[in-house]
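Student: Can you keep this structure in mind? I'll have questions shortly.
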Amino acid sequence: MKLYIATPINARSERTFKEKFIAAKHRAEYLKEVIQSDPSFSSVSEIVTSFDICPLSSVSEGEALGRCVQAVYESDAIYLDHAWQSSKGCNLEYRAAKIYGKIIFEHDNL
């Protein structure tokens, strides 16, 4: 199973976008490690984040969102990180997952 991790960037508490971006990237890497070691995710063979598919600093926000939605479409499941509801991007990824019938894991409901 291919799993896409959706973690908020702009909704983070850091002051500048660069700080938000770096913190979100570290969070995504941390979540990869946690998920890989969690027996309940044993069927996950590949984990993808927005940082894997798109160097966000080199493309427009619209292009980045498009790539993220495509990654959701190409995945079997999505993992929505804590506070995803406050992120426009995560909400878009969630809606795409619902439309395409993906398995949805929510950090706050595990």
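Residues in the structure tokens are named by chain (A, B, ... in the order shown) and by number from 1 within that chain; ligands are numbered from 1 in the order shown.
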As a PDB file with N, CA and C atoms, in the first residue's frame, please: every residue in range 61-107 of chain A that DSSP puts in alpha helix (DSSP H).
Tutor:
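To be explicit, this is the file written out as out-v3.pdb:
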ATOM      1  N   GLU A  61       2.573  27.970  -5.520  1.00  0.00           N
ATOM      2  CA  GLU A  61       1.689  27.249  -4.604  1.00  0.00           C
ATOM      3  C   GLU A  61       0.668  26.416  -5.375  1.00  0.00           C
ATOM      4  N   GLY A  62       0.143  26.967  -6.456  1.00  0.00           N
ATOM      5  CA  GLY A  62      -0.834  26.235  -7.264  1.00  0.00           C
ATOM      6  C   GLY A  62      -0.251  24.972  -7.871  1.00  0.00           C
ATOM      7  N   GLU A  63       0.966  25.067  -8.401  1.00  0.00           N
ATOM      8  CA  GLU A  63       1.611  23.883  -8.977  1.00  0.00           C
ATOM      9  C   GLU A  63       1.899  22.845  -7.889  1.00  0.00           C
ATOM     10  N   ALA A  64       2.340  23.307  -6.724  1.00  0.00           N
ATOM     11  CA  ALA A  64       2.615  22.396  -5.620  1.00  0.00           C
ATOM     12  C   ALA A  64       1.343  21.667  -5.195  1.00  0.00           C
ATOM     13  N   LEU A  65       0.236  22.406  -5.079  1.00  0.00           N
ATOM     14  CA  LEU A  65      -1.037  21.775  -4.705  1.00  0.00           C
ATOM     15  C   LEU A  65      -1.481  20.761  -5.745  1.00  0.00           C
ATOM     16  N   GLY A  66      -1.292  21.081  -7.018  1.00  0.00           N
ATOM     17  CA  GLY A  66      -1.646  20.149  -8.081  1.00  0.00           C
ATOM     18  C   GLY A  66      -0.851  18.858  -7.983  1.00  0.00           C
ATOM     19  N   ARG A  67       0.429  18.977  -7.720  1.00  0.00           N
ATOM     20  CA  ARG A  67       1.268  17.784  -7.564  1.00  0.00           C
ATOM     21  C   ARG A  67       0.844  16.960  -6.355  1.00  0.00           C
ATOM     22  N   CYS A  68       0.458  17.654  -5.282  1.00  0.00           N
ATOM     23  CA  CYS A  68       0.036  16.941  -4.067  1.00  0.00           C
ATOM     24  C   CYS A  68      -1.271  16.181  -4.307  1.00  0.00           C
ATOM     25  N   VAL A  69      -2.209  16.800  -5.003  1.00  0.00           N
ATOM     26  CA  VAL A  69      -3.471  16.117  -5.319  1.00  0.00           C
ATOM     27  C   VAL A  69      -3.191  14.912  -6.209  1.00  0.00           C
ATOM     28  N   GLN A  70      -2.279  15.055  -7.157  1.00  0.00           N
ATOM     29  CA  GLN A  70      -1.912  13.921  -8.008  1.00  0.00           C
ATOM     30  C   GLN A  70      -1.314  12.801  -7.163  1.00  0.00           C
ATOM     31  N   ALA A  71      -0.491  13.160  -6.181  1.00  0.00           N
ATOM     32  CA  ALA A  71       0.105  12.145  -5.302  1.00  0.00           C
ATOM     33  C   ALA A  71      -0.962  11.423  -4.490  1.00  0.00           C
ATOM     34  N   VAL A  72      -1.972  12.152  -4.032  1.00  0.00           N
ATOM     35  CA  VAL A  72      -3.092  11.521  -3.325  1.00  0.00           C
ATOM     36  C   VAL A  72      -3.793  10.546  -4.263  1.00  0.00           C
ATOM     37  N   TYR A  73      -4.052  10.978  -5.486  1.00  0.00           N
ATOM     38  CA  TYR A  73      -4.719  10.140  -6.485  1.00  0.00           C
ATOM     39  C   TYR A  73      -3.935   8.852  -6.734  1.00  0.00           C
ATOM     40  N   GLU A  74      -2.604   8.948  -6.756  1.00  0.00           N
ATOM     41  CA  GLU A  74      -1.754   7.796  -7.052  1.00  0.00           C
ATOM     42  C   GLU A  74      -1.480   6.925  -5.827  1.00  0.00           C
ATOM     43  N   LYS A  88      -5.395  24.821   4.308  1.00  0.00           N
ATOM     44  CA  LYS A  88      -6.122  24.769   3.023  1.00  0.00           C
ATOM     45  C   LYS A  88      -5.623  23.612   2.165  1.00  0.00           C
ATOM     46  N   GLY A  89      -4.306  23.418   2.131  1.00  0.00           N
ATOM     47  CA  GLY A  89      -3.736  22.333   1.332  1.00  0.00           C
ATOM     48  C   GLY A  89      -4.167  20.965   1.817  1.00  0.00           C
ATOM     49  N   CYS A  90      -4.113  20.752   3.121  1.00  0.00           N
ATOM     50  CA  CYS A  90      -4.537  19.459   3.682  1.00  0.00           C
ATOM     51  C   CYS A  90      -6.025  19.221   3.447  1.00  0.00           C
ATOM     52  N   ASN A  91      -6.828  20.268   3.532  1.00  0.00           N
ATOM     53  CA  ASN A  91      -8.256  20.125   3.250  1.00  0.00           C
ATOM     54  C   ASN A  91      -8.485  19.724   1.798  1.00  0.00           C
ATOM     55  N   LEU A  92      -7.718  20.289   0.892  1.00  0.00           N
ATOM     56  CA  LEU A  92      -7.823  19.915  -0.519  1.00  0.00           C
ATOM     57  C   LEU A  92      -7.413  18.460  -0.713  1.00  0.00           C
ATOM     58  N   GLU A  93      -6.336  18.048  -0.063  1.00  0.00           N
ATOM     59  CA  GLU A  93      -5.876  16.657  -0.159  1.00  0.00           C
ATOM     60  C   GLU A  93      -6.907  15.707   0.436  1.00  0.00           C
ATOM     61  N   TYR A  94      -7.508  16.095   1.542  1.00  0.00           N
ATOM     62  CA  TYR A  94      -8.568  15.292   2.158  1.00  0.00           C
ATOM     63  C   TYR A  94      -9.747  15.124   1.204  1.00  0.00           C
ATOM     64  N   ARG A  95     -10.179  16.212   0.594  1.00  0.00           N
ATOM     65  CA  ARG A  95     -11.318  16.140  -0.341  1.00  0.00           C
ATOM     66  C   ARG A  95     -10.999  15.258  -1.537  1.00  0.00           C
ATOM     67  N   ALA A  96      -9.770  15.352  -2.033  1.00  0.00           N
ATOM     68  CA  ALA A  96      -9.368  14.484  -3.150  1.00  0.00           C
ATOM     69  C   ALA A  96      -9.405  13.020  -2.715  1.00  0.00           C
ATOM     70  N   ALA A  97      -8.936  12.748  -1.505  1.00  0.00           N
ATOM     71  CA  ALA A  97      -8.956  11.370  -0.987  1.00  0.00           C
ATOM     72  C   ALA A  97     -10.386  10.858  -0.871  1.00  0.00           C
ATOM     73  N   LYS A  98     -11.297  11.697  -0.397  1.00  0.00           N
ATOM     74  CA  LYS A  98     -12.713  11.305  -0.295  1.00  0.00           C
ATOM     75  C   LYS A  98     -13.300  11.035  -1.682  1.00  0.00           C
ATOM     76  N   ILE A  99     -13.046  11.926  -2.617  1.00  0.00           N
ATOM     77  CA  ILE A  99     -13.581  11.781  -3.982  1.00  0.00           C
ATOM     78  C   ILE A  99     -13.108  10.480  -4.616  1.00  0.00           C
TER      79      ILE A  99
END
Student: Please provide the set of residues having any atom within 8 Å of range 46-53 of chain A, restricted to only C-alpha atoms, with same-chain residues fewer than 3 positions apart removed, written as number ranges by chain.
Tutor: A: 1-6, 25, 28, 32, 56, 64, 67-68, 71
Student: Hey, can you spit out that residue selection with all heavy atoms as a short mmCIF file (atom, residue, chain, number, x, y, z; two decimals), in the first residue's frame?
Tutor:
data_model
loop_
_atom_site.label_atom_id
_atom_site.label_comp_id
_atom_site.auth_asym_id
_atom_site.auth_seq_id
_atom_site.Cartn_x
_atom_site.Cartn_y
_atom_site.Cartn_z
N MET A 1 0.84 -1.18 0.00
CA MET A 1 0.00 0.00 0.00
C MET A 1 0.89 1.24 0.00
O MET A 1 1.86 1.33 0.73
CB MET A 1 -0.91 0.01 1.23
CG MET A 1 -1.64 1.31 1.39
SD MET A 1 -2.89 1.49 2.71
CE MET A 1 -2.35 0.52 4.04
N LYS A 2 0.53 2.20 -0.82
CA LYS A 2 1.24 3.48 -0.89
C LYS A 2 0.46 4.49 -0.05
O LYS A 2 -0.74 4.67 -0.23
CB LYS A 2 1.33 3.93 -2.34
CG LYS A 2 2.13 5.21 -2.54
CD LYS A 2 2.26 5.50 -4.03
CE LYS A 2 3.07 6.74 -4.28
NZ LYS A 2 3.22 6.99 -5.74
N LEU A 3 1.17 5.15 0.87
CA LEU A 3 0.56 6.09 1.80
C LEU A 3 1.10 7.49 1.57
O LEU A 3 2.31 7.69 1.49
CB LEU A 3 0.86 5.66 3.25
CG LEU A 3 0.35 6.57 4.35
CD1 LEU A 3 -1.16 6.51 4.45
CD2 LEU A 3 0.98 6.17 5.68
N TYR A 4 0.20 8.45 1.48
CA TYR A 4 0.57 9.87 1.34
C TYR A 4 0.38 10.55 2.69
O TYR A 4 -0.68 10.43 3.30
CB TYR A 4 -0.29 10.55 0.27
CG TYR A 4 0.00 12.02 0.13
CD1 TYR A 4 1.07 12.45 -0.65
CD2 TYR A 4 -0.76 12.98 0.78
CE1 TYR A 4 1.36 13.79 -0.78
CE2 TYR A 4 -0.49 14.32 0.66
CZ TYR A 4 0.58 14.73 -0.12
OH TYR A 4 0.87 16.07 -0.23
N ILE A 5 1.40 11.27 3.16
CA ILE A 5 1.30 12.01 4.41
C ILE A 5 0.99 13.47 4.09
O ILE A 5 1.74 14.13 3.35
CB ILE A 5 2.61 11.94 5.22
CG1 ILE A 5 2.89 10.51 5.67
CG2 ILE A 5 2.55 12.88 6.42
CD1 ILE A 5 4.23 10.34 6.37
N ALA A 6 -0.09 13.97 4.67
CA ALA A 6 -0.48 15.38 4.53
C ALA A 6 -0.23 16.08 5.86
O ALA A 6 -0.84 15.73 6.86
CB ALA A 6 -1.95 15.49 4.14
N LYS A 25 8.65 20.05 7.05
CA LYS A 25 9.46 19.01 6.42
C LYS A 25 10.02 18.06 7.48
O LYS A 25 9.99 16.84 7.29
CB LYS A 25 10.60 19.64 5.61
CG LYS A 25 11.39 18.64 4.80
CD LYS A 25 12.37 19.33 3.89
CE LYS A 25 13.08 18.30 3.03
NZ LYS A 25 13.98 18.92 2.06
N ALA A 28 7.20 15.80 8.65
CA ALA A 28 6.90 14.75 7.68
C ALA A 28 7.92 13.62 7.77
O ALA A 28 7.56 12.44 7.72
CB ALA A 28 6.84 15.32 6.27
N LYS A 32 7.18 9.71 8.87
CA LYS A 32 7.60 8.54 8.07
C LYS A 32 8.22 7.48 8.96
O LYS A 32 7.89 6.30 8.86
CB LYS A 32 8.63 8.96 7.01
CG LYS A 32 8.09 9.47 5.74
CD LYS A 32 9.27 9.69 4.80
CE LYS A 32 8.86 10.05 3.43
NZ LYS A 32 10.04 10.23 2.54
N LEU A 56 8.92 22.53 -2.75
CA LEU A 56 7.94 23.62 -2.71
C LEU A 56 8.54 25.00 -2.92
O LEU A 56 7.87 25.90 -3.40
CB LEU A 56 7.17 23.58 -1.39
CG LEU A 56 6.34 22.33 -1.14
CD1 LEU A 56 5.67 22.40 0.21
CD2 LEU A 56 5.31 22.14 -2.23
N ALA A 64 2.34 23.31 -6.72
CA ALA A 64 2.62 22.40 -5.62
C ALA A 64 1.34 21.67 -5.19
O ALA A 64 1.35 20.45 -5.00
CB ALA A 64 3.21 23.17 -4.44
N ARG A 67 0.43 18.98 -7.72
CA ARG A 67 1.27 17.78 -7.56
C ARG A 67 0.84 16.96 -6.35
O ARG A 67 0.87 15.73 -6.38
CB ARG A 67 2.73 18.18 -7.44
CG ARG A 67 3.33 18.72 -8.72
CD ARG A 67 4.79 19.03 -8.52
NE ARG A 67 5.38 19.67 -9.68
CZ ARG A 67 6.66 19.97 -9.79
NH1 ARG A 67 7.49 19.69 -8.78
NH2 ARG A 67 7.13 20.56 -10.87
N CYS A 68 0.46 17.65 -5.28
CA CYS A 68 0.04 16.94 -4.07
C CYS A 68 -1.27 16.18 -4.31
O CYS A 68 -1.41 15.04 -3.88
CB CYS A 68 -0.11 17.92 -2.90
SG CYS A 68 1.47 18.57 -2.33
N ALA A 71 -0.49 13.16 -6.18
CA ALA A 71 0.11 12.14 -5.30
C ALA A 71 -0.96 11.42 -4.49
O ALA A 71 -0.88 10.21 -4.29
CB ALA A 71 1.13 12.78 -4.38
#
Student: Kindly give the distance, in Å, that separates CA of Ile78 in chain A and CA of Arg15 in chain A, rounded to a single decimal.
Tutor: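 CA of Ile78 in chain A sits 27.6 Å away from CA of Arg15 in chain A.
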Student: Show me, as a list in words, the residues that have an atom within 8 Å of Asp81 in chain A when counting only C-alpha atoms, minus same-chain residues fewer than 6 positions from it.
Tutor: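 Here the answer would be Ile5, Ala6, Thr7, Pro8, Glu106, His107 and Asp108 of chain A.
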Student: Could you please write out, as a PyMOL selection string, every residue of chain A that DSSP assigns to strand (DSSP E or B)?
Tutor: chain A and resi 2-6+46-49+77-80+103-106
Student: Please save N, CA and C atoms of the selected residues as a PDB file, in the first residue's frame.
Tutor:
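Output below, filename again-v3.pdb:
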ATOM      1  N   LYS A   2       0.533   2.199  -0.822  1.00  0.00           N
ATOM      2  CA  LYS A   2       1.236   3.478  -0.892  1.00  0.00           C
ATOM      3  C   LYS A   2       0.463   4.494  -0.052  1.00  0.00           C
ATOM      4  N   LEU A   3       1.174   5.147   0.871  1.00  0.00           N
ATOM      5  CA  LEU A   3       0.558   6.086   1.804  1.00  0.00           C
ATOM      6  C   LEU A   3       1.098   7.488   1.571  1.00  0.00           C
ATOM      7  N   TYR A   4       0.203   8.454   1.476  1.00  0.00           N
ATOM      8  CA  TYR A   4       0.574   9.870   1.337  1.00  0.00           C
ATOM      9  C   TYR A   4       0.379  10.554   2.689  1.00  0.00           C
ATOM     10  N   ILE A   5       1.400  11.267   3.157  1.00  0.00           N
ATOM     11  CA  ILE A   5       1.300  12.014   4.409  1.00  0.00           C
ATOM     12  C   ILE A   5       0.993  13.474   4.092  1.00  0.00           C
ATOM     13  N   ALA A   6      -0.092  13.967   4.669  1.00  0.00           N
ATOM     14  CA  ALA A   6      -0.477  15.380   4.527  1.00  0.00           C
ATOM     15  C   ALA A   6      -0.228  16.076   5.855  1.00  0.00           C
ATOM     16  N   GLU A  46       5.198   1.942   0.715  1.00  0.00           N
ATOM     17  CA  GLU A  46       5.805   3.191   0.265  1.00  0.00           C
ATOM     18  C   GLU A  46       5.105   4.356   0.948  1.00  0.00           C
ATOM     19  N   ILE A  47       5.902   5.324   1.390  1.00  0.00           N
ATOM     20  CA  ILE A  47       5.358   6.522   2.025  1.00  0.00           C
ATOM     21  C   ILE A  47       5.837   7.735   1.242  1.00  0.00           C
ATOM     22  N   VAL A  48       4.902   8.613   0.915  1.00  0.00           N
ATOM     23  CA  VAL A  48       5.199   9.797   0.123  1.00  0.00           C
ATOM     24  C   VAL A  48       4.687  11.033   0.854  1.00  0.00           C
ATOM     25  N   THR A  49       5.458  12.126   0.787  1.00  0.00           N
ATOM     26  CA  THR A  49       5.007  13.405   1.324  1.00  0.00           C
ATOM     27  C   THR A  49       5.128  14.455   0.223  1.00  0.00           C
ATOM     28  N   ALA A  77      -3.789   5.370   0.249  1.00  0.00           N
ATOM     29  CA  ALA A  77      -4.295   5.912   1.505  1.00  0.00           C
ATOM     30  C   ALA A  77      -3.627   7.252   1.788  1.00  0.00           C
ATOM     31  N   ILE A  78      -4.251   8.005   2.696  1.00  0.00           N
ATOM     32  CA  ILE A  78      -3.702   9.294   3.116  1.00  0.00           C
ATOM     33  C   ILE A  78      -3.672   9.331   4.637  1.00  0.00           C
ATOM     34  N   TYR A  79      -2.600   9.913   5.160  1.00  0.00           N
ATOM     35  CA  TYR A  79      -2.467  10.133   6.601  1.00  0.00           C
ATOM     36  C   TYR A  79      -2.529  11.635   6.831  1.00  0.00           C
ATOM     37  N   LEU A  80      -3.535  12.094   7.562  1.00  0.00           N
ATOM     38  CA  LEU A  80      -3.731  13.518   7.841  1.00  0.00           C
ATOM     39  C   LEU A  80      -3.146  13.829   9.211  1.00  0.00           C
ATOM     40  N   ILE A 103      -8.290   5.253   1.468  1.00  0.00           N
ATOM     41  CA  ILE A 103      -8.322   4.979   2.906  1.00  0.00           C
ATOM     42  C   ILE A 103      -7.785   6.233   3.594  1.00  0.00           C
ATOM     43  N   ILE A 104      -8.480   6.684   4.632  1.00  0.00           N
ATOM     44  CA  ILE A 104      -8.088   7.926   5.315  1.00  0.00           C
ATOM     45  C   ILE A 104      -7.779   7.633   6.778  1.00  0.00           C
ATOM     46  N   PHE A 105      -6.561   7.988   7.171  1.00  0.00           N
ATOM     47  CA  PHE A 105      -6.120   7.909   8.557  1.00  0.00           C
ATOM     48  C   PHE A 105      -5.981   9.331   9.074  1.00  0.00           C
ATOM     49  N   GLU A 106      -6.578   9.623  10.224  1.00  0.00           N
ATOM     50  CA  GLU A 106      -6.439  10.935  10.843  1.00  0.00           C
ATOM     51  C   GLU A 106      -5.644  10.813  12.119  1.00  0.00           C
TER      52      GLU A 106
END
